[in-house]
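*Asks:* Pasting run.cif here (mmCIF, C-alpha atoms, pLDDT in the B column; chains and numbers go by the auth columns):
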data_protein
#
loop_
_atom_site.group_PDB
_atom_site.id
_atom_site.type_symbol
_atom_site.label_atom_id
_atom_site.label_comp_id
_atom_site.label_asym_id
_atom_site.label_seq_id
_atom_site.Cartn_x
_atom_site.Cartn_y
_atom_site.Cartn_z
_atom_site.B_iso_or_equiv
_atom_site.auth_seq_id
_atom_site.auth_asym_id
ATOM 1 C CA MET A 1 41.313 -55.503 111.039 39.00 76 K
ATOM 2 C CA PHE A 2 41.325 -56.251 107.320 38.00 77 K
ATOM 3 C CA HIS A 3 41.366 -53.227 105.031 40.00 78 K
ATOM 4 C CA PRO A 4 40.215 -53.903 101.455 39.00 79 K
ATOM 5 C CA GLY A 5 42.896 -51.587 100.064 39.00 80 K
ATOM 6 C CA ASN A 6 45.774 -53.539 101.583 37.00 81 K
ATOM 7 C CA ARG A 7 46.483 -56.126 98.882 35.00 82 K
ATOM 8 C CA ALA A 8 49.553 -57.633 100.543 34.00 83 K
ATOM 9 C CA ARG A 9 47.626 -58.374 103.727 36.00 84 K
ATOM 10 C CA ALA A 10 44.688 -59.775 101.780 37.00 85 K
ATOM 11 C CA ALA A 11 46.993 -61.990 99.716 36.00 86 K
ATOM 12 C CA ALA A 12 48.733 -63.321 102.829 37.00 87 K
ATOM 13 C CA THR A 13 45.430 -64.009 104.553 38.00 88 K
ATOM 14 C CA LEU A 14 44.000 -65.748 101.537 40.00 89 K
ATOM 15 C CA GLY A 15 47.248 -67.683 101.263 39.00 90 K
ATOM 16 C CA LEU A 16 46.698 -69.060 104.768 41.00 91 K
ATOM 17 C CA ALA A 17 43.102 -69.947 103.998 41.00 92 K
ATOM 18 C CA ALA A 18 44.085 -71.444 100.659 39.00 93 K
ATOM 19 C CA TRP A 19 46.721 -73.606 102.270 38.00 94 K
ATOM 20 C CA TRP A 20 44.229 -74.936 104.796 42.00 95 K
ATOM 21 C CA ALA A 21 41.691 -75.617 102.074 42.00 96 K
ATOM 22 C CA LEU A 22 44.290 -77.431 100.007 39.00 97 K
ATOM 23 C CA ALA A 23 45.779 -79.344 102.859 42.00 98 K
ATOM 24 C CA ALA A 24 42.497 -80.373 104.442 46.00 99 K
ATOM 25 C CA GLY A 25 41.498 -82.129 101.266 44.00 100 K
ATOM 26 C CA SER A 26 44.942 -82.946 99.906 45.00 101 K
ATOM 27 C CA ALA A 27 44.932 -86.613 100.801 44.00 102 K
ATOM 28 C CA LEU A 28 41.547 -87.287 99.244 45.00 103 K
ATOM 29 C CA ALA A 29 40.802 -84.293 97.022 51.00 104 K
ATOM 30 C CA GLU A 30 41.301 -83.979 93.325 51.00 105 K
ATOM 31 C CA ARG A 31 44.830 -82.793 92.446 57.00 106 K
ATOM 32 C CA ALA A 32 43.467 -80.315 89.901 62.00 107 K
ATOM 33 C CA ASP A 33 41.880 -78.388 92.794 64.00 108 K
ATOM 34 C CA ARG A 34 45.331 -77.289 93.953 66.00 109 K
ATOM 35 C CA ASP A 35 45.725 -75.111 90.869 74.00 110 K
ATOM 36 C CA GLN A 36 42.345 -73.428 91.288 77.00 111 K
ATOM 37 C CA PRO A 37 41.824 -70.066 92.989 80.00 112 K
ATOM 38 C CA VAL A 38 40.443 -69.985 96.525 78.00 113 K
ATOM 39 C CA ASN A 39 37.235 -67.986 96.889 84.00 114 K
ATOM 40 C CA ILE A 40 35.940 -67.068 100.334 86.00 115 K
ATOM 41 C CA GLU A 41 32.650 -65.404 101.166 92.00 116 K
ATOM 42 C CA ALA A 42 31.857 -64.318 104.719 95.00 117 K
ATOM 43 C CA ALA A 43 30.006 -61.600 106.582 97.00 118 K
ATOM 44 C CA SER A 44 33.313 -60.413 108.091 96.00 119 K
ATOM 45 C CA MET A 45 37.039 -61.053 108.146 94.00 120 K
ATOM 46 C CA ILE A 46 39.773 -60.076 110.604 95.00 121 K
ATOM 47 C CA SER A 47 43.444 -60.543 109.767 91.00 122 K
ATOM 48 C CA ASP A 48 46.274 -60.235 112.281 92.00 123 K
ATOM 49 C CA GLU A 49 49.473 -60.564 110.257 88.00 124 K
ATOM 50 C CA ALA A 50 51.705 -60.169 113.321 90.00 125 K
ATOM 51 C CA LYS A 51 50.108 -63.268 114.866 91.00 126 K
ATOM 52 C CA LYS A 52 49.560 -64.925 111.453 90.00 127 K
ATOM 53 C CA ILE A 53 45.864 -65.502 112.138 92.00 128 K
ATOM 54 C CA ALA A 54 42.879 -64.901 109.847 92.00 129 K
ATOM 55 C CA THR A 55 39.282 -65.221 111.036 95.00 130 K
ATOM 56 C CA PHE A 56 36.267 -65.409 108.720 95.00 131 K
ATOM 57 C CA GLU A 57 32.786 -65.248 110.271 97.00 132 K
ATOM 58 C CA GLY A 58 29.168 -65.316 109.184 97.00 133 K
ATOM 59 C CA LYS A 59 27.956 -67.990 106.762 95.00 134 K
ATOM 60 C CA VAL A 60 31.493 -68.646 105.510 95.00 135 K
ATOM 61 C CA VAL A 61 31.776 -70.446 102.178 92.00 136 K
ATOM 62 C CA LEU A 62 35.240 -71.412 100.972 86.00 137 K
ATOM 63 C CA THR A 63 35.552 -72.939 97.504 84.00 138 K
ATOM 64 C CA GLN A 64 38.506 -74.176 95.506 81.00 139 K
ATOM 65 C CA GLY A 65 37.744 -76.307 92.480 82.00 140 K
ATOM 66 C CA SER A 66 35.598 -79.199 93.719 82.00 141 K
ATOM 67 C CA LEU A 67 36.295 -78.406 97.391 82.00 142 K
ATOM 68 C CA ILE A 68 33.534 -76.583 99.285 87.00 143 K
ATOM 69 C CA ILE A 69 33.749 -75.777 103.012 89.00 144 K
ATOM 70 C CA ARG A 70 30.757 -74.194 104.760 95.00 145 K
ATOM 71 C CA ALA A 71 30.967 -72.958 108.340 97.00 146 K
ATOM 72 C CA ASP A 72 29.800 -70.262 110.701 98.00 147 K
ATOM 73 C CA ARG A 73 33.447 -69.455 111.389 97.00 148 K
ATOM 74 C CA ILE A 74 36.848 -70.422 109.970 94.00 149 K
ATOM 75 C CA VAL A 75 40.077 -69.519 111.774 93.00 150 K
ATOM 76 C CA VAL A 76 43.419 -70.156 110.077 86.00 151 K
ATOM 77 C CA ARG A 77 46.796 -69.659 111.737 88.00 152 K
ATOM 78 C CA GLN A 78 50.363 -70.304 110.649 85.00 153 K
ATOM 79 C CA ASP A 79 53.117 -71.305 113.078 87.00 154 K
ATOM 80 C CA ASN A 80 56.716 -70.057 112.987 88.00 155 K
ATOM 81 C CA ASP A 81 57.793 -73.052 110.898 86.00 156 K
ATOM 82 C CA GLY A 82 55.209 -72.281 108.197 80.00 157 K
ATOM 83 C CA PHE A 83 52.749 -75.039 109.096 81.00 158 K
ATOM 84 C CA GLN A 84 49.047 -74.167 109.068 79.00 159 K
ATOM 85 C CA HIS A 85 46.258 -75.080 111.423 86.00 160 K
ATOM 86 C CA GLY A 86 42.629 -74.433 110.515 86.00 161 K
ATOM 87 C CA VAL A 87 39.442 -74.716 112.522 94.00 162 K
ATOM 88 C CA ALA A 88 35.971 -74.572 110.961 95.00 163 K
ATOM 89 C CA THR A 89 32.990 -74.435 113.312 97.00 164 K
ATOM 90 C CA GLY A 90 29.283 -74.482 112.595 97.00 165 K
ATOM 91 C CA ASN A 91 26.026 -76.207 113.299 96.00 166 K
ATOM 92 C CA PRO A 92 27.406 -78.226 111.574 96.00 167 K
ATOM 93 C CA ALA A 93 30.512 -77.175 109.601 96.00 168 K
ATOM 94 C CA SER A 94 30.734 -79.198 106.396 94.00 169 K
ATOM 95 C CA PHE A 95 32.964 -79.950 103.456 85.00 170 K
ATOM 96 C CA ARG A 96 32.531 -81.660 100.131 87.00 171 K
ATOM 97 C CA HIS A 97 35.149 -82.554 97.535 80.00 172 K
ATOM 98 C CA LYS A 98 35.866 -84.879 94.671 77.00 173 K
ATOM 99 C CA ARG A 99 38.327 -87.745 95.160 69.00 174 K
ATOM 100 C CA ASP A 100 41.247 -87.658 92.775 65.00 175 K
ATOM 101 C CA GLY A 101 40.634 -89.647 89.611 66.00 176 K
ATOM 102 C CA LEU A 102 37.593 -91.513 90.948 67.00 177 K
ATOM 103 C CA GLY A 103 34.659 -89.295 89.986 74.00 178 K
ATOM 104 C CA GLU A 104 33.435 -89.774 93.551 78.00 179 K
ATOM 105 C CA HIS A 105 32.658 -87.167 96.186 84.00 180 K
ATOM 106 C CA ILE A 106 33.356 -87.303 99.922 83.00 181 K
ATOM 107 C CA CYS A 107 31.336 -85.213 102.359 89.00 182 K
ATOM 108 C CA GLY A 108 32.088 -84.570 105.986 90.00 183 K
ATOM 109 C CA GLU A 109 30.422 -82.653 108.759 94.00 184 K
ATOM 110 C CA ALA A 110 30.843 -81.970 112.460 96.00 185 K
ATOM 111 C CA LEU A 111 30.377 -79.131 114.877 97.00 186 K
ATOM 112 C CA ARG A 112 34.146 -78.564 114.607 96.00 187 K
ATOM 113 C CA ILE A 113 36.574 -79.614 111.856 93.00 188 K
ATOM 114 C CA GLU A 114 40.325 -79.117 112.403 91.00 189 K
ATOM 115 C CA TYR A 115 43.279 -79.527 110.066 84.00 190 K
ATOM 116 C CA ASP A 116 46.918 -79.651 111.144 84.00 191 K
ATOM 117 C CA SER A 117 49.370 -79.454 108.234 78.00 192 K
ATOM 118 C CA ARG A 118 52.340 -80.420 110.444 83.00 193 K
ATOM 119 C CA ALA A 119 50.659 -83.725 111.394 83.00 194 K
ATOM 120 C CA ASP A 120 48.818 -83.974 108.026 78.00 195 K
ATOM 121 C CA ARG A 121 45.651 -84.852 109.930 84.00 196 K
ATOM 122 C CA VAL A 122 41.986 -83.834 109.695 85.00 197 K
ATOM 123 C CA GLU A 123 39.807 -84.239 112.794 91.00 198 K
ATOM 124 C CA PHE A 124 36.025 -84.005 113.163 93.00 199 K
ATOM 125 C CA PHE A 125 34.604 -83.269 116.628 95.00 200 K
ATOM 126 C CA ASN A 126 31.028 -83.626 117.912 95.00 201 K
ATOM 127 C CA ARG A 127 28.362 -85.233 115.719 93.00 202 K
ATOM 128 C CA ALA A 128 30.998 -86.255 113.174 94.00 203 K
ATOM 129 C CA ARG A 129 30.014 -87.896 109.904 93.00 204 K
ATOM 130 C CA LEU A 130 31.803 -88.884 106.678 90.00 205 K
ATOM 131 C CA ARG A 131 29.975 -90.095 103.554 90.00 206 K
ATOM 132 C CA ARG A 132 30.962 -91.189 100.065 84.00 207 K
ATOM 133 C CA ASP A 133 28.874 -91.298 96.892 82.00 208 K
ATOM 134 C CA SER A 134 29.156 -95.109 97.038 81.00 209 K
ATOM 135 C CA GLY A 135 26.862 -95.096 100.086 86.00 210 K
ATOM 136 C CA ASP A 136 29.565 -95.634 102.722 87.00 211 K
ATOM 137 C CA ASP A 137 28.633 -93.653 105.841 92.00 212 K
ATOM 138 C CA ILE A 138 30.591 -93.389 109.109 92.00 213 K
ATOM 139 C CA ARG A 139 29.313 -91.615 112.229 93.00 214 K
ATOM 140 C CA GLY A 140 30.768 -91.019 115.645 93.00 215 K
ATOM 141 C CA ASP A 141 31.476 -88.230 118.053 94.00 216 K
ATOM 142 C CA TYR A 142 35.096 -88.036 116.829 94.00 217 K
ATOM 143 C CA ILE A 143 36.656 -88.982 113.486 92.00 218 K
ATOM 144 C CA SER A 144 40.328 -88.544 112.663 90.00 219 K
ATOM 145 C CA TYR A 145 42.007 -89.092 109.297 82.00 220 K
ATOM 146 C CA ASP A 146 45.793 -89.350 109.136 81.00 221 K
ATOM 147 C CA ALA A 147 46.819 -88.631 105.539 72.00 222 K
ATOM 148 C CA ARG A 148 50.341 -90.007 106.035 77.00 223 K
ATOM 149 C CA THR A 149 49.154 -93.462 107.057 80.00 224 K
ATOM 150 C CA GLU A 150 45.707 -93.278 105.357 73.00 225 K
ATOM 151 C CA ARG A 151 44.191 -94.430 108.655 83.00 226 K
ATOM 152 C CA PHE A 152 40.780 -93.486 110.046 83.00 227 K
ATOM 153 C CA THR A 153 39.926 -93.501 113.743 90.00 228 K
ATOM 154 C CA VAL A 154 36.294 -93.231 114.832 93.00 229 K
ATOM 155 C CA LYS A 155 35.191 -92.965 118.460 93.00 230 K
ATOM 156 C CA ALA A 156 31.779 -92.909 120.098 92.00 231 K
ATOM 157 C CA GLY A 157 30.660 -90.168 122.430 79.00 232 K
ATOM 158 C CA ASN A 158 30.690 -90.224 126.173 68.00 233 K
ATOM 159 C CA GLU A 159 28.293 -92.875 127.497 53.00 234 K
ATOM 160 C CA ALA A 160 27.477 -90.573 130.411 50.00 235 K
ATOM 161 C CA SER A 161 26.178 -87.921 128.032 49.00 236 K
ATOM 162 C CA GLY A 162 22.753 -87.958 129.662 52.00 237 K
ATOM 163 C CA THR A 163 20.973 -88.992 126.454 52.00 238 K
ATOM 164 C CA GLY A 164 19.676 -92.159 128.087 50.00 239 K
ATOM 165 C CA ARG A 165 21.208 -94.322 125.380 53.00 240 K
ATOM 166 C CA GLU A 166 24.564 -95.894 124.766 60.00 241 K
ATOM 167 C CA GLU A 167 26.657 -93.889 122.301 83.00 242 K
ATOM 168 C CA ARG A 168 28.076 -96.035 119.519 90.00 243 K
ATOM 169 C CA VAL A 169 30.108 -95.691 116.338 91.00 244 K
ATOM 170 C CA ARG A 170 27.891 -96.315 113.315 90.00 245 K
ATOM 171 C CA ALA A 171 29.235 -97.476 109.952 87.00 246 K
ATOM 172 C CA THR A 172 27.547 -98.478 106.728 89.00 247 K
ATOM 173 C CA ILE A 173 29.953 -99.954 104.190 87.00 248 K
ATOM 174 C CA MET A 174 28.491 -100.793 100.821 87.00 249 K
ATOM 175 C CA PRO A 175 29.671 -103.801 98.787 87.00 250 K
ATOM 176 C CA LYS A 176 32.238 -102.765 96.203 77.00 251 K
ATOM 177 C CA LYS A 177 31.142 -103.151 92.611 72.00 252 K
ATOM 178 C CA PRO A 178 33.568 -104.020 89.809 69.00 253 K
ATOM 179 C CA ALA A 179 35.091 -100.950 88.168 61.00 254 K
ATOM 180 C CA PRO A 180 33.317 -99.886 84.959 62.00 255 K
ATOM 181 C CA GLN A 181 35.066 -100.588 81.678 58.00 256 K
ATOM 182 C CA THR A 182 34.988 -96.907 80.735 53.00 257 K
ATOM 183 C CA PRO A 183 36.142 -94.120 83.058 52.00 258 K
ATOM 184 C CA ALA A 184 33.393 -92.242 84.866 47.00 259 K
ATOM 185 C CA SER A 185 32.697 -88.731 83.710 46.00 260 K
ATOM 186 C CA PRO A 186 33.246 -86.002 86.260 47.00 261 K
ATOM 187 C CA GLY A 187 30.225 -85.409 88.421 45.00 262 K
ATOM 188 C CA THR A 188 28.476 -88.696 87.628 43.00 263 K
ATOM 189 C CA GLY A 189 28.363 -89.787 91.270 43.00 264 K
ATOM 190 C CA ARG A 190 25.351 -89.212 93.505 44.00 265 K
ATOM 191 C CA GLN A 191 25.005 -85.641 94.635 46.00 266 K
ATOM 192 C CA ASP A 192 23.324 -86.220 97.996 53.00 267 K
ATOM 193 C CA CYS A 193 26.004 -84.481 100.077 57.00 268 K
ATOM 194 C CA PRO A 194 25.214 -81.000 101.365 53.00 269 K
#
Let me see the file written as structure tokens.
*Replies:*
Amino acid sequence: MFHPGNRARAAATLGLAAWWALAAGSALAERADRDQPVNIEAASMISDEAKKIATFEGKVVLTQGSLIIRADRIVVRQDNDGFQHGVATGNPASFRHKRDGLGEHICGEALRIEYDSRADRVEFFNRARLRRDSGDDIRGDYISYDARTERFTVKAGNEASGTGREERVRATIMPKKPAPQTPASPGTGRQDCP
């Protein structure tokens, strides 16, 4: 159990959460976010330093610069080689962050969002959706982003889901407009992400 007076334990736990927050958005997030403090609000927190696991529960909000993760629960663990794995769950869990140097935000949501720092991959499970300020919108039951190869994979749900309809991947890709002559000011993109 986390004890507020134990600063070393709190720092280690926040370090795990910070790493997940950084890594989950590292491929797309603004580089300046990496130098920002991680702030986490939750109804409760349990830290097991022996197992290198931290669990935050109850309307969890993790922020770091432009990165915002909202979930009912976030669990972060570190393996023996120092790699982190984070799982955010909610109805849905969501994130929002600014893309580096583009003045554009990306939003994602799913019932479960996982990040694996060893594989440098973010995965969205169940009712997955990714959106950009430009209007691009991708939906499926599973979305995976491999930061090393910059490759997305989107899969539809099980056709035998009992919904009476065929599950399909849905994508809206907006035409690209020529880049403006002057750089966009931060925060000028649409703010329709949660």
*Asks:* Would you please work out which residue, of K:Val229, K:Ala129, K:Ile144, K:Ile149, is nearest to Arg245 of chain K when using all atoms listed in the file?
*Replies:*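 That would be K:Val229, the residue with the smallest distance to Arg245 of chain K.
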*Asks:* Report as a list of chain:residue names the residues that result from applying the PyMOL selection byres ((chain K and resi 225) around 12) to the structure here.
*Replies:*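 So the PyMOL selection byres ((chain K and resi 225) around 12), applied here, picks out K:Ser101, K:Ala102, K:Leu103, K:Asp195, K:Arg196, K:Val197, K:Ser219, K:Tyr220, K:Asp221, K:Ala222, K:Arg223, K:Thr224, K:Arg226, K:Phe227, K:Thr228.
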*Asks:* Rounded to one decimal, what separation in Å do you get between atom CA of Gln139 of chain K and atom CA of Lys173 of chain K?
*Replies:* 11.1 Å
*Asks:* Translate the PyMOL selection byres ((chain K and resi 143) around 9) into a concrete residue list for this structure, as a ChimeraX atom specification.
*Replies:* /K:96,136-142,144-145,169-172
*Asks:* For the atom pair atom CA of Asp212 of chain K and atom CA of Arg243 of chain K, what is the interatomic distance in Å to one decimal place?
*Replies:* 13.9 Å
*Asks:* Go through K:Glu198, K:Asp123, K:Asp147, K:Asp216 one by one, measure the shortest atom-to-atom distance of each to Pro167 of chain K using all atoms listed in the file, and give the residue with the smallest value.
*Replies:*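 Closest to Pro167 of chain K, using all atoms listed in the file: K:Asp147.
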*Asks:* Give me, please, the distance in Å between atom CA of Glu116 of chain K and atom CA of Phe131 of chain K, quoted to one decimal.
*Replies:*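 A separation of 8.4 Å between them.
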*Asks:* Please list as a PDB file with C-alpha atoms, keeping the file's coordinate frame every residue within 12 Å of segment 154-156 of chain K, counting all atoms listed in the file and excluding residues in the same chain fewer than 2 positions away.
*Replies:*
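Output saved as part.pdb:
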ATOM      1  CA  LEU K  91      46.698 -69.060 104.768  1.00 41.00           C
ATOM      2  CA  GLU K 124      49.473 -60.564 110.257  1.00 88.00           C
ATOM      3  CA  ALA K 125      51.705 -60.169 113.321  1.00 90.00           C
ATOM      4  CA  LYS K 126      50.108 -63.268 114.866  1.00 91.00           C
ATOM      5  CA  LYS K 127      49.560 -64.925 111.453  1.00 90.00           C
ATOM      6  CA  ILE K 128      45.864 -65.502 112.138  1.00 92.00           C
ATOM      7  CA  VAL K 151      43.419 -70.156 110.077  1.00 86.00           C
ATOM      8  CA  ARG K 152      46.796 -69.659 111.737  1.00 88.00           C
ATOM      9  CA  PHE K 158      52.749 -75.039 109.096  1.00 81.00           C
ATOM     10  CA  GLN K 159      49.047 -74.167 109.068  1.00 79.00           C
ATOM     11  CA  HIS K 160      46.258 -75.080 111.423  1.00 86.00           C
ATOM     12  CA  GLY K 161      42.629 -74.433 110.515  1.00 86.00           C
ATOM     13  CA  ASP K 191      46.918 -79.651 111.144  1.00 84.00           C
ATOM     14  CA  SER K 192      49.370 -79.454 108.234  1.00 78.00           C
ATOM     15  CA  ARG K 193      52.340 -80.420 110.444  1.00 83.00           C
TER      16      ARG K 193
END
